[in-house]
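Q: The structure that follows is given in the form of structure tokens.
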Number of protein chains: 2
Amino acid sequence: VSRSSLPEPLQSSAAGAFLLEEIREQPDALRRLLSHEAEFADVAAAARERNLVRLVAHGSSDNAASYGVYAFGLLPGWTALRDSISLTVYSGAKLDLTGSTVLALSQSGRTPDVVSYVEHARAGGAFTVAVTNDPDSALGRAAEAILPLGAGPERSVAATKTYLNTVAALALLAAHSAGRGHEFADGIAKVADQIDEVLPGLEAHVAELAVSFAFVGRMFVIGRGTELATAREVALKLLETCRVAAEPMTATAFAHGPVAALDALFPVWAIASKNQNVSVVREAVARARAAGSAVVVTGDAAADLDASYLLPTPEPAIPLLSPLLSVLPGQLFARALALAKGHDPDHPQRLEKVTLAR
Amino acid sequence: VSRSSLPEPLQSSAAGAFLLEEIREQPDALRRLLSHEAEFADVAAAARERNLVRLVAHGSSDNAASYGVYAFGLLPGWTALRDSISLTVYSGAKLDLTGSTVLALSQSGRTPDVVSYVEHARAGGAFTVAVTNDPDSALGRAAEAILPLGAGPERSVAATKTYLNTVAALALLAAHSAGRGHEFADGIAKVADQIDEVLPGLEAHVAELAVSFAFVGRMFVIGRGTELATAREVALKLLETCRVAAEPMTATAFAHGPVAALDALFPVWAIASKNQNVSVVREAVARARAAGSAVVVTGDAAADLDASYLLPTPEPAIPLLSPLLSVLPGQLFARALALAKGHDPDHPQRLEKVTLAR
């Protein structure tokens with residue numbers, strides 16, 4: 001086998017530099033988010049008068065929205081749903097939005113149909129909130145209230161710090177809605193410190209592991225509960241930067257069909273955090289290994305599972321904040337695997353930073 | 001290349017016989033569902049007093065639930081959501097369910113956590129409805145009302161007629177909720193006749209096409225609006241019977257990352273029906289073809305798109321019923337491709353007919 005038949009790893013210090021820099025900036029980004037805590041308390045007070053939370057978003061922001069469903073369900077006990085934008089904006093459904101709080105998540109604040117949804121919902125009597133990294137955007141102008149992400153400019157096409165700050169923003173808002181805002185703000189500040197501590201070691205471990213995945217073409221990414229958001233986000237990073245057909249799913253959905261597809265060339269990435277879901281994730285991992293799959297497990301319960309590779313992450317002071325830590329190995333792995341495959345992780349083919357979705 | 005290095009197509013008349021028989025039985029299954037129309041009218045009347053529809057299901061039933069979100073949104077204008085079972089059953093979230101109608105979708109009626117959810121929701125004041133092929137099941141006993149699917153026994157592990165009847169049941173219930181029940185019952189009866197007419201020709205076309213996909217290992221399946229359910233169901237059929245890493249997504253999600261992963265060995269299956277979403281699906285198909293992907297398009301708007309392969313399906317009398325027809329090519333293709341790959345589509349490895357999910 002001649003050298004030229006292998007993928008050429010990109011060794012240039014420039015390739016993936018934005019992505020790495022932005023992964024490393026995440027602790028500071030979280031601290032900047034916390035400087036806006038008072039705004040979160042105000043929005044939570046206004047949201048308390050409504051009984052339904054509608055999350056609207058695309059891409060990484062929509063992955064973060066999956067976390068919101070659990071954060072609002074478990075903290076204030078509110079029903080939150082990832083609403084269909086197309087149902088309202090394109091298909092013209094006439095839903096009663098008067099009892100709803102709309103949380104529109106968009107890093108750029110420029111996603112056209114998210115802006116249209118907010119305009120429609122505000123006119124229809126909903127309380128509309130823009131959660132965005134650019135308060136001066138069209139989305140910021142369309143909504144009644146703004147929660148700034150404060151992540152700072154993000155130059156890599158693949159979102160990292162804006163994803164993390166969107167998850168943290170949803171945690172903080174849900175916690176304030178339940179009268180536990182300050183406790184969660186403290187917890188997020190501690191998570192920022194934990195990320196600073198753990199990143200250097202994780203970067204080294206993940207880089208080693210990624211090399212052995214250079215020829216992988218498909219993966220499943222399994223999460224559950226609050227970690228479904230993490231699974232969706234890791235799968236999207238792998239799709240866009242590594243061109244791997246990575247499909248996210250809950251541990252339960254995995255058992256309802258996808259498990260049949262596995263073989264030794266079809267690895268699985270699983271996220272296991274210390275909560276009520278860990279036994280079900282453990283079962284899924286055992287079934288995947290029995291099918292011959294290599295399984296990587298991340299999260300603060302990783303060490304309790306029997307996997308091919310373990311990338312444990314620190315346990316946060318508050319269990320609900322685990323997704324802020326468990327996503328880190330996936331972000332780093334996607335970058336390292338893209339380089340191992342010879343792709344520039346900062347510039348995925350066919351993608352722009354802002355998708356003018358419709 | 002010796003013959004033995006190719007996959008061995010299963011030519012036995014027994015392999016996939018259940019699946020084919022059940023695909024062909026779908027028109028009769030729909031007609032049996034319609035014999036229960038009065039029960040749908042009763043449940044719709046009771047549901048009218050609540051303002052939120054919670055759909056709970058796994059696997060193919062959960063795919064059908066995606067259709068319910070659009071059917072209830074577009075017909076009575078009600079908000080419907082695919083609720084998280086784990087949030088309530090395992091994580092213990094205390095949601096206010098008094099204003100909700102719960103539609104629990106389970107072919108077998110034996111899925112333990114769906115039954116647990118219904119028991120919890122009924123005790124919490126929700127109006128609970130079992131939509132099941134077995135009214136005498138645990139789910140049937142747990143719920144306040146039952147809507148029988150009437151699909152008859154399903155022996156293939158991969159669901160077909162129970163999926164179709166669940167979609168039709170949601171259409172019929174949503175239509176009755178909007179005072180359009182009889183119109184939709186007539187429309188479904190006409191669809192049953194259309195399926196009878198179109199199946200023989202489709203079977204022949206699909207079998208030819210499947211052979212050229214024998215070595216495909218990954219696919220995207222793109223739908224939007226009411227056809228998101230179809231995309232999810234076709235992807236699940238491909239995963240479980242063909243062991244293809246088939247990921248379903250909306251046309252919008254496709255543009256937010258997955259498009260970067262495509263290449264000439266990564267085909268796309270798209271569903272295009274005549275509604276407000278067709279232009280967005282057309283764009284997605286064009287982007288996939290520009291990336292070198294082979295693209296198969298099904299649905300009643302297929303002929304309007306520029307694809308590699310077209311498998312158009314008949315236009316129903318009521319546009320909202322398109323998903324009852326557009327799924328047929330995917331069902332037949334999954335069976336034919338499984339045979340081409342040497343798998344028995346009736347007995348996917350590692351799966352049982354009833355998944356005792358948790």
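In the structure tokens, chains take letters A, B, ... by order of appearance, with residues numbered from 1 within each chain and ligands from 1 in the order shown.
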When you look at range 158-166 of chain A with a cut-off of 8 Å (counting only C-alpha atoms), what residues show up, excluding the ones that are within fewer than 2 positions of it in the same chain? I need them as a PyMOL selection string.
A: chain A and resi 19+22-23+25-26+29-30+33+60-61+64+105+107+131+133+149-151+154+156+168-170+237+240-241+324+331+345-346+353
Q: As a short mmCIF file (atom, residue, chain, number, x, y, z; two decimals) with C-alpha atoms, in the first residue's frame, please: every residue in range 121-220 of chain B that DSSP puts in strand (DSSP E or B).
A:
```cif
data_model
loop_
_atom_site.label_atom_id
_atom_site.label_comp_id
_atom_site.auth_asym_id
_atom_site.auth_seq_id
_atom_site.Cartn_x
_atom_site.Cartn_y
_atom_site.Cartn_z
CA PHE B 127 -58.11 12.17 28.27
CA THR B 128 -56.27 9.01 27.21
CA VAL B 129 -56.83 7.16 23.95
CA ALA B 130 -55.19 3.90 22.86
CA VAL B 131 -54.66 3.62 19.10
CA THR B 132 -53.78 -0.04 18.76
CA ALA B 145 -60.96 5.17 25.01
CA ILE B 146 -59.78 2.83 22.28
CA LEU B 147 -59.41 3.40 18.56
CA PRO B 148 -58.81 -0.01 16.94
CA ARG B 218 -25.73 4.86 3.80
CA MET B 219 -28.57 7.06 2.65
CA PHE B 220 -30.45 10.20 3.60
#
```
Q: Can you pull out the residues contacting Ile195 in chain A? Cut-off 12 Å, using only C-alpha atoms, and skip same-chain residues under 6 positions away; I want them as a list of chain:residue names.
A: A:Ile23, A:Arg24, A:Glu25, A:Gln26, A:Pro27, A:Asp28, A:Ala29, A:Leu30, A:Arg31, A:Leu164, A:Ile188, A:Ala189, A:Gly201, A:Leu202, A:Glu203, A:Thr313, A:Pro314, A:Glu315, A:Pro316, A:Ser322, A:Pro323, A:Leu324, A:Leu325, A:Ser326, A:Val327, A:Leu328, A:Pro329
Q: Show me, as a Markdown table, the residues of chain A having an atom within 6 Å of chain B, each with the closest atom pair and its distance in Å, using only C-alpha atoms.
A:
```
| residue | atom | partner | partner_atom | distance |
| --- | --- | --- | --- | --- |
| A:Gly59 | CA | B:His256 | CA | 5.4 |
| A:Gly73 | CA | B:Ala93 | CA | 5.6 |
| A:Leu74 | CA | B:Ala93 | CA | 5.0 |
| A:Gly77 | CA | B:Leu95 | CA | 5.1 |
| A:Trp78 | CA | B:Leu95 | CA | 5.9 |
| A:Ala93 | CA | B:Leu74 | CA | 5.0 |
| A:Lys94 | CA | B:Gly77 | CA | 5.3 |
| A:Leu95 | CA | B:Gly77 | CA | 5.1 |
| A:Leu239 | CA | B:Pro258 | CA | 5.6 |
| A:Glu240 | CA | B:Gly257 | CA | 5.0 |
| A:Arg243 | CA | B:Ala261 | CA | 3.7 |
| A:His256 | CA | B:Gly59 | CA | 5.4 |
| A:Gly257 | CA | B:Glu240 | CA | 5.0 |
| A:Pro258 | CA | B:Leu239 | CA | 5.6 |
| A:Ala260 | CA | B:Glu240 | CA | 5.3 |
| A:Ala261 | CA | B:Arg243 | CA | 3.7 |
| A:Gln349 | CA | B:Ala260 | CA | 5.4 |
| A:Arg350 | CA | B:Ala260 | CA | 5.6 |
```
Q: Suppose you want the space between CA of Asp304 in chain B and CA of Gln194 in chain B; what is it in Å?
A: 20.2 Å
Q: If you measure from CA of Leu332 in chain A to CA of Asp196 in chain A, what distance in Å do you get, rounded to one decimal?
A: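 Distance between the two atoms: 13.9 Å.
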Q: Measure the distance from CA of Ala272 in chain B to CA of Gly299 in chain B in Å and round it to one decimal.
A: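 It comes out at 4.9 Å.
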Q: Quick one: of A:Ala123, A:Ala171, A:Leu311, A:Leu337, who's nearest to Ala44 in chain A, counting only C-alpha atoms?
A: A:Ala171
Q: Taking only C-alpha atoms into account, name the residue in B:Thr298, B:Arg335, B:Ser100, B:Val114 that is nearest to Ala214 in chain B.
A: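 Ranked by minimum distance to Ala214 in chain B, first place goes to B:Arg335.
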